[in-house]
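Some notes on the structure that comes next.
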Amino acid sequence: MNDSKRLSGLLLSCFFLLAFTLSGCVSELKSPPVVVQEPLPGLVEEAWQDYAEGMFAMEAAHPGRAERKFDSALSRVGTFSPALVGKSLIFALKAAEKPQGKQRRDDEKAALAWLAKAETNLHSQPERFVYHVGAIRLYFALRSPGWINLAFDHYRAAWNGDGLDGAFLPYYQNRYAASYFMGVAKYVSDFRQAEPFLEKVLVSQEGGRWSREAGILYEKIQEILRSVSYHSLSGTALDIAIRDEVTRGEIAALLVTELALDPYFAKGGRTSVQTVEPVDLFDHPYRNEILTLSKWQIKGLSPLINSTTGGTVFDPDILVDRKGLALILEDILQHIRGAKGVAGLTKASQSPFPDVSKHDDWFGAVRVVTAGGLMKPDLTGAFRPDGPVSGANLLLAVMTLKNEIQ
């Protein structure tokens with residue numbers, strides 16, 4: 001009897017379910033609504049703090065600490081967009097340090113994937129700003145084809161974003177950070193286009209920490225512009241102009257492209273010497289220019305013999321200091337003016353420079369290039385013979401030589 005009742009109850013339940021289904025009252029089985037739990041305000045603030053500390057660590061060249069901070073932010077808020085942007089920048093910087101190849105491509109893909117994930121988790125205007133400025137910095141680091149245009153698109157989105165003024169914005173502090181980093185990107189792409197972005201920061205009363213950084217970069221641009229004066233520049237010159245330090249290969253490239261020394265020396269009767277091609281030029285970007293210049297045996301810029309292998313090398317990536325550049329320029333200037341034209345410049349009873357002795361091997365070269373306006377001492381009168389040569393310093397010397405030739 002009991003089994004009969006249980007069976008009847010089961011059949012009755014099935015009947016009512018079938019009836020409701022056929023009548024349309026149960027048209028589909030619906031999942032229960034998903035309740036999205038918002039992170040607690042305190043956790044969001046802590047995530048922002050972790051993110052800011054991570055960015056400062058990355059700025060101080062501590063990527064490991066930076067990544068730990070970004071991971072900490074994500075442990076508090078699992079989809080915290082600024083931390084996702086930070087992760088993308090870590091991979092972009094890793095990629096930028098590697099040569100072309102699979103490892104670099106893998107890091108590039110990871111960087112773009114983290115950035116895409118950050119884009120899908122934007123919940124506030126400060127987060128959108130961080131995303132767009134992060135994208136500027138990512139494309140600057142990777143420098144893939146078309147990168148400067150992509151960076152500019154993100155700059156416009158960052159600068160024109162509504163509701164940012166007065167908003168809580170750790171690390172970047174204000175919207176002028178976007179102008180500064182776009183100025184940095186333009187400086188590398190074509191330094192002549194960077195000025196408007198940097199000036200926007202400099203004329204503002206709200207630039208904060210970015211005003212100082214923009215001022216340093218702006219002054220570098222002015223130094224380059226003073227160096228080139230009215231001369232137009234080749235692509236090679238644009239690339240080298242922004243260097244803080246220059247190499248043997250870059251000096252050779254600039255002398256060939258801007259001065260056209262090869263036909264000038266040939267026409268002027270300088271003796272060329274056929275040399276064995278240096279073994280370290282196989283895939284160097286300035287290989288052709290270096291080979292062109294090597295045959296003229298310029299002092300300080302000739303091929304070398306490797307003491308270990310005995311092979312001929314050029315050492316194109318070795319940095320050149322100021323006394324080294326002075327020796328190079330002296331050789332060229334002597335060809336232009338003749339030995340007599342520079343002989344008087346080397347005579348002195350004592351050195352006018354507090355850091356160069358008249359007994360130094362490079363004393364005569366320093367006297368020649370400073371008297372000829374190719375190089376300048378600093379404001380204290382010191383020549384700084386062991387100091388680095390910047391792209392602007394090199395451009396000033398090359399353009400001065402160009403005026404001599406013309």
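Residue numbering restarts at 1 in every chain; chains get A, B, ... in the order shown in the structure tokens, and ligands count up from 1 in that same order.
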As a ChimeraX atom specification, please: all residues of range 168-358 of chain A that backbone DSSP puts in alpha helix (DSSP H).
/A:176-190,195-202,209-228,235-241,248-259,261-268,287-294,322-337,339-343
I'd like the interatomic distance between CA of Ile251 in chain A and CA of Leu394 in chain A, to a tenth of an Å.
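Between CA of Ile251 in chain A and CA of Leu394 in chain A the gap works out to 7.6 Å.
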From the options A:Pro63, A:Gly146, A:Leu74, A:Thr257, which residue's atoms come nearest to Lys94 in chain A, counting only C-alpha atoms?
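The shortest atom-to-atom distance to Lys94 in chain A comes from A:Pro63.
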Shortest contact to Gly364 in chain A, candidates A:Lys186, A:Thr312, A:Gln350, A:Lys267, atoms counted only C-alpha atoms, goes to A:Gln350
Could you jot down the CA of Thr271 in chain A to CA of Asn393 in chain A separation for me, Å, one decimal place?
28.4 Å
Residues within 12 Å of Ala253 in chain A, please, as a PyMOL selection string. Count only C-alpha atoms; anything in the same chain fewer than 2 positions from it doesn't count.
chain A and resi 234-240+246-251+255-262+284-294+301+316+394-395+398
Prev. selection, N, CA and C atoms, output as a compact mmCIF listing (two decimals), in the first residue's frame:
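Writing done, so here's out-v9.txt:
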```txt
# COMPACT_ATOMS: atom_id res chain seq x y z
N SER A 234 69.68 63.22 -41.88
CA SER A 234 69.33 61.91 -42.43
C SER A 234 68.69 61.07 -41.33
N GLY A 235 68.11 59.95 -41.74
CA GLY A 235 67.52 59.05 -40.75
C GLY A 235 68.56 58.55 -39.77
N THR A 236 69.77 58.30 -40.25
CA THR A 236 70.85 57.86 -39.37
C THR A 236 71.17 58.92 -38.33
N ALA A 237 71.21 60.18 -38.75
CA ALA A 237 71.50 61.27 -37.82
C ALA A 237 70.40 61.41 -36.78
N LEU A 238 69.14 61.23 -37.20
CA LEU A 238 68.03 61.33 -36.25
C LEU A 238 68.13 60.25 -35.18
N ASP A 239 68.56 59.07 -35.58
CA ASP A 239 68.70 57.97 -34.63
C ASP A 239 69.83 58.23 -33.64
N ILE A 240 70.95 58.71 -34.14
CA ILE A 240 72.13 58.90 -33.30
C ILE A 240 72.01 60.15 -32.43
N VAL A 246 77.75 57.55 -27.53
CA VAL A 246 77.85 57.04 -28.89
C VAL A 246 79.00 56.06 -29.01
N THR A 247 78.90 55.20 -30.02
CA THR A 247 79.89 54.14 -30.23
C THR A 247 80.76 54.44 -31.45
N ARG A 248 81.79 53.62 -31.63
CA ARG A 248 82.65 53.74 -32.80
C ARG A 248 81.85 53.58 -34.10
N GLY A 249 80.94 52.61 -34.09
CA GLY A 249 80.14 52.38 -35.28
C GLY A 249 79.23 53.55 -35.61
N GLU A 250 78.65 54.17 -34.58
CA GLU A 250 77.76 55.31 -34.81
C GLU A 250 78.54 56.53 -35.31
N ILE A 251 79.73 56.73 -34.79
CA ILE A 251 80.56 57.84 -35.28
C ILE A 251 80.91 57.63 -36.74
N LEU A 255 79.76 60.16 -39.84
CA LEU A 255 80.77 60.81 -40.68
C LEU A 255 80.56 60.51 -42.15
N VAL A 256 80.13 59.29 -42.45
CA VAL A 256 79.91 58.90 -43.85
C VAL A 256 78.62 59.50 -44.39
N THR A 257 77.53 59.43 -43.62
CA THR A 257 76.23 59.89 -44.14
C THR A 257 76.11 61.40 -44.15
N GLU A 258 76.65 62.08 -43.16
CA GLU A 258 76.47 63.53 -43.07
C GLU A 258 77.59 64.32 -43.73
N LEU A 259 78.81 63.80 -43.67
CA LEU A 259 79.94 64.53 -44.25
C LEU A 259 80.32 64.06 -45.64
N ALA A 260 79.83 62.89 -46.02
CA ALA A 260 80.24 62.30 -47.31
C ALA A 260 81.76 62.28 -47.41
N LEU A 261 82.40 61.73 -46.37
CA LEU A 261 83.86 61.76 -46.31
C LEU A 261 84.52 60.94 -47.41
N ASP A 262 83.85 59.89 -47.87
CA ASP A 262 84.49 59.03 -48.87
C ASP A 262 84.84 59.81 -50.14
N HIS A 284 76.05 43.89 -38.60
CA HIS A 284 75.95 45.19 -37.93
C HIS A 284 75.16 46.17 -38.81
N PRO A 285 74.28 46.98 -38.22
CA PRO A 285 73.46 47.89 -39.03
C PRO A 285 74.27 48.94 -39.79
N TYR A 286 75.46 49.26 -39.31
CA TYR A 286 76.29 50.27 -39.98
C TYR A 286 77.49 49.64 -40.69
N ARG A 287 77.36 48.40 -41.09
CA ARG A 287 78.47 47.68 -41.72
C ARG A 287 79.02 48.42 -42.94
N ASN A 288 78.14 48.84 -43.84
CA ASN A 288 78.59 49.48 -45.07
C ASN A 288 79.33 50.80 -44.80
N GLU A 289 78.80 51.58 -43.87
CA GLU A 289 79.44 52.86 -43.55
C GLU A 289 80.81 52.63 -42.92
N ILE A 290 80.89 51.63 -42.04
CA ILE A 290 82.17 51.34 -41.38
C ILE A 290 83.21 50.89 -42.40
N LEU A 291 82.81 50.02 -43.33
CA LEU A 291 83.74 49.56 -44.36
C LEU A 291 84.20 50.71 -45.24
N THR A 292 83.28 51.62 -45.54
CA THR A 292 83.64 52.79 -46.35
C THR A 292 84.69 53.63 -45.65
N LEU A 293 84.52 53.82 -44.34
CA LEU A 293 85.43 54.70 -43.60
C LEU A 293 86.75 54.02 -43.27
N SER A 294 86.73 52.69 -43.09
CA SER A 294 87.92 51.98 -42.62
C SER A 294 89.12 52.16 -43.54
N LEU A 301 89.85 55.57 -35.34
CA LEU A 301 88.65 54.97 -35.93
C LEU A 301 89.02 53.95 -37.01
N PRO A 316 82.60 47.84 -33.18
CA PRO A 316 81.66 48.92 -33.50
C PRO A 316 80.79 49.37 -32.33
N LEU A 394 78.26 64.91 -30.71
CA LEU A 394 78.77 64.42 -31.99
C LEU A 394 78.19 65.21 -33.15
N LEU A 395 76.90 65.51 -33.09
CA LEU A 395 76.27 66.29 -34.17
C LEU A 395 76.90 67.67 -34.29
N VAL A 398 80.20 67.25 -36.08
CA VAL A 398 80.05 66.88 -37.49
C VAL A 398 79.51 68.04 -38.31
```
Strand (DSSP E) per DSSP on the backbone: members of range 251-370 of chain A, as a PyMOL selection string
chain A and resi 304-305+312-313
Kindly save the residues from that selection, with N, CA and C atoms included, as a short mmCIF file (atom, residue, chain, number, x, y, z; two decimals), in the first residue's frame.
```
data_model
loop_
_atom_site.label_atom_id
_atom_site.label_comp_id
_atom_site.auth_asym_id
_atom_site.auth_seq_id
_atom_site.Cartn_x
_atom_site.Cartn_y
_atom_site.Cartn_z
N LEU A 304 91.08 47.24 -35.88
CA LEU A 304 92.02 46.83 -34.84
C LEU A 304 92.36 45.36 -34.99
N ILE A 305 93.41 44.93 -34.33
CA ILE A 305 93.78 43.52 -34.31
C ILE A 305 93.41 42.95 -32.95
N THR A 312 91.13 40.64 -37.54
CA THR A 312 90.82 42.07 -37.66
C THR A 312 89.41 42.33 -37.15
N VAL A 313 89.28 43.30 -36.27
CA VAL A 313 87.98 43.68 -35.71
C VAL A 313 87.83 45.19 -35.78
#
```
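The residue that comes closest to Phe152 in chain A, out of A:Ser189, A:Tyr171, A:Pro126, A:Ile328 and on the basis of only C-alpha atoms, is A:Ser189.
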Atom pair CA of Arg322 in chain A + CA of Val276 in chain A, distance 28.0 Å
Top pick for closest residue to Phe265 in chain A, considering A:Asp360, A:Glu127, A:Asp355, A:Asp331 and counting only C-alpha atoms:
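Closest candidate: A:Asp331.
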As an NGL selection string, please: the residues near range 113-124 of chain A (cut-off 8 Å, only C-alpha atoms, same-chain neighbours under 4 positions excluded).
:A and (79-82 or 84-85 or 87-88 or 109 or 128 or 131 or 135)
Skip Asn306 in chain A itself and residues of its chain fewer than 4 positions away, then list as an mmCIF file with N, CA and C atoms, in the first residue's frame all residues within 12 Å of it, counting only C-alpha atoms.
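As written to disk, selection.cif reads:
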```cif
data_model
loop_
_atom_site.group_PDB
_atom_site.id
_atom_site.type_symbol
_atom_site.label_atom_id
_atom_site.label_comp_id
_atom_site.auth_asym_id
_atom_site.auth_seq_id
_atom_site.Cartn_x
_atom_site.Cartn_y
_atom_site.Cartn_z
ATOM 1 N N PRO A 278 86.643 43.516 -41.139
ATOM 2 C CA PRO A 278 86.584 43.082 -39.735
ATOM 3 C C PRO A 278 85.539 41.986 -39.535
ATOM 4 N N VAL A 279 85.877 41.025 -38.700
ATOM 5 C CA VAL A 279 85.004 39.861 -38.534
ATOM 6 C C VAL A 279 83.755 40.171 -37.719
ATOM 7 N N ASP A 280 83.713 41.316 -37.049
ATOM 8 C CA ASP A 280 82.576 41.622 -36.164
ATOM 9 C C ASP A 280 81.560 42.560 -36.821
ATOM 10 N N GLY A 310 94.026 37.343 -33.140
ATOM 11 C CA GLY A 310 94.848 37.868 -34.223
ATOM 12 C C GLY A 310 94.038 38.322 -35.415
ATOM 13 N N GLY A 311 92.706 38.225 -35.326
ATOM 14 C CA GLY A 311 91.836 38.636 -36.415
ATOM 15 C C GLY A 311 91.586 40.134 -36.406
ATOM 16 N N THR A 312 91.128 40.638 -37.541
ATOM 17 C CA THR A 312 90.818 42.066 -37.659
ATOM 18 C C THR A 312 89.410 42.326 -37.149
ATOM 19 N N VAL A 313 89.283 43.297 -36.266
ATOM 20 C CA VAL A 313 87.976 43.678 -35.712
ATOM 21 C C VAL A 313 87.833 45.195 -35.784
ATOM 22 N N PHE A 314 86.601 45.660 -35.627
ATOM 23 C CA PHE A 314 86.378 47.107 -35.566
ATOM 24 C C PHE A 314 85.850 47.531 -34.199
ATOM 25 N N ASP A 315 85.274 46.607 -33.453
ATOM 26 C CA ASP A 315 84.643 46.928 -32.165
ATOM 27 C C ASP A 315 83.622 48.056 -32.341
#
```
Nearest candidate to Val203 in chain A (options A:Glu404, A:Ser390, A:Gly134, A:Ser179; using only C-alpha atoms):
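That would be A:Ser179, the residue with the smallest distance to Val203 in chain A.
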Do you know which residues are at most 6 Å from range 41-48 of chain A counting only C-alpha atoms, after dropping those on the same chain fewer than 3 positions away, and could you put them as a ChimeraX atom specification?
/A:51,73,76
For the selection just defined, write its residues with C-alpha atoms to a file, as a short mmCIF file (atom, residue, chain, number, x, y, z; two decimals), in the first residue's frame.
```cif
data_model
loop_
_atom_site.label_atom_id
_atom_site.label_comp_id
_atom_site.auth_asym_id
_atom_site.auth_seq_id
_atom_site.Cartn_x
_atom_site.Cartn_y
_atom_site.Cartn_z
CA TYR A 51 50.41 48.77 -7.98
CA ALA A 73 47.58 43.55 -6.06
CA ARG A 76 43.61 41.28 -3.39
#
```
Between A:Ile332, A:Val366, A:Ile148, A:Met399, which residue has the minimum interatomic distance to Ser351 in chain A, considering only C-alpha atoms?
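Once distances to Ser351 in chain A are computed over only C-alpha atoms, the minimum belongs to A:Val366.
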Mind checking which residues fall within 10 Å of Gly207 in chain A, counting only C-alpha atoms, ignoring those fewer than 2 positions away in the same chain, and posting them as a PyMOL selection string?
chain A and resi 173-177+179-180+200-205+209-214
Export of prior selection with C-alpha atoms as a PDB file, in the first residue's frame:
```pdb
ATOM      1  CA  GLN A 173      49.308  61.615 -10.196  1.00  0.00           C
ATOM      2  CA  ASN A 174      47.761  63.593 -13.060  1.00  0.00           C
ATOM      3  CA  ARG A 175      46.978  63.580 -16.771  1.00  0.00           C
ATOM      4  CA  TYR A 176      50.279  65.308 -17.645  1.00  0.00           C
ATOM      5  CA  ALA A 177      51.976  61.944 -17.263  1.00  0.00           C
ATOM      6  CA  SER A 179      51.990  64.055 -22.302  1.00  0.00           C
ATOM      7  CA  TYR A 180      55.369  63.266 -20.793  1.00  0.00           C
ATOM      8  CA  LYS A 200      52.370  71.025 -22.410  1.00  0.00           C
ATOM      9  CA  VAL A 201      53.839  69.600 -19.204  1.00  0.00           C
ATOM     10  CA  LEU A 202      56.277  72.456 -18.643  1.00  0.00           C
ATOM     11  CA  VAL A 203      53.765  75.299 -18.958  1.00  0.00           C
ATOM     12  CA  SER A 204      51.301  73.618 -16.608  1.00  0.00           C
ATOM     13  CA  GLN A 205      51.182  74.360 -12.901  1.00  0.00           C
ATOM     14  CA  ARG A 209      57.057  65.159 -10.909  1.00  0.00           C
ATOM     15  CA  TRP A 210      56.646  65.021 -14.689  1.00  0.00           C
ATOM     16  CA  SER A 211      57.651  68.677 -15.044  1.00  0.00           C
ATOM     17  CA  ARG A 212      61.202  67.900 -13.924  1.00  0.00           C
ATOM     18  CA  GLU A 213      61.479  64.877 -16.213  1.00  0.00           C
ATOM     19  CA  ALA A 214      60.028  66.822 -19.144  1.00  0.00           C
TER      20      ALA A 214
END
```
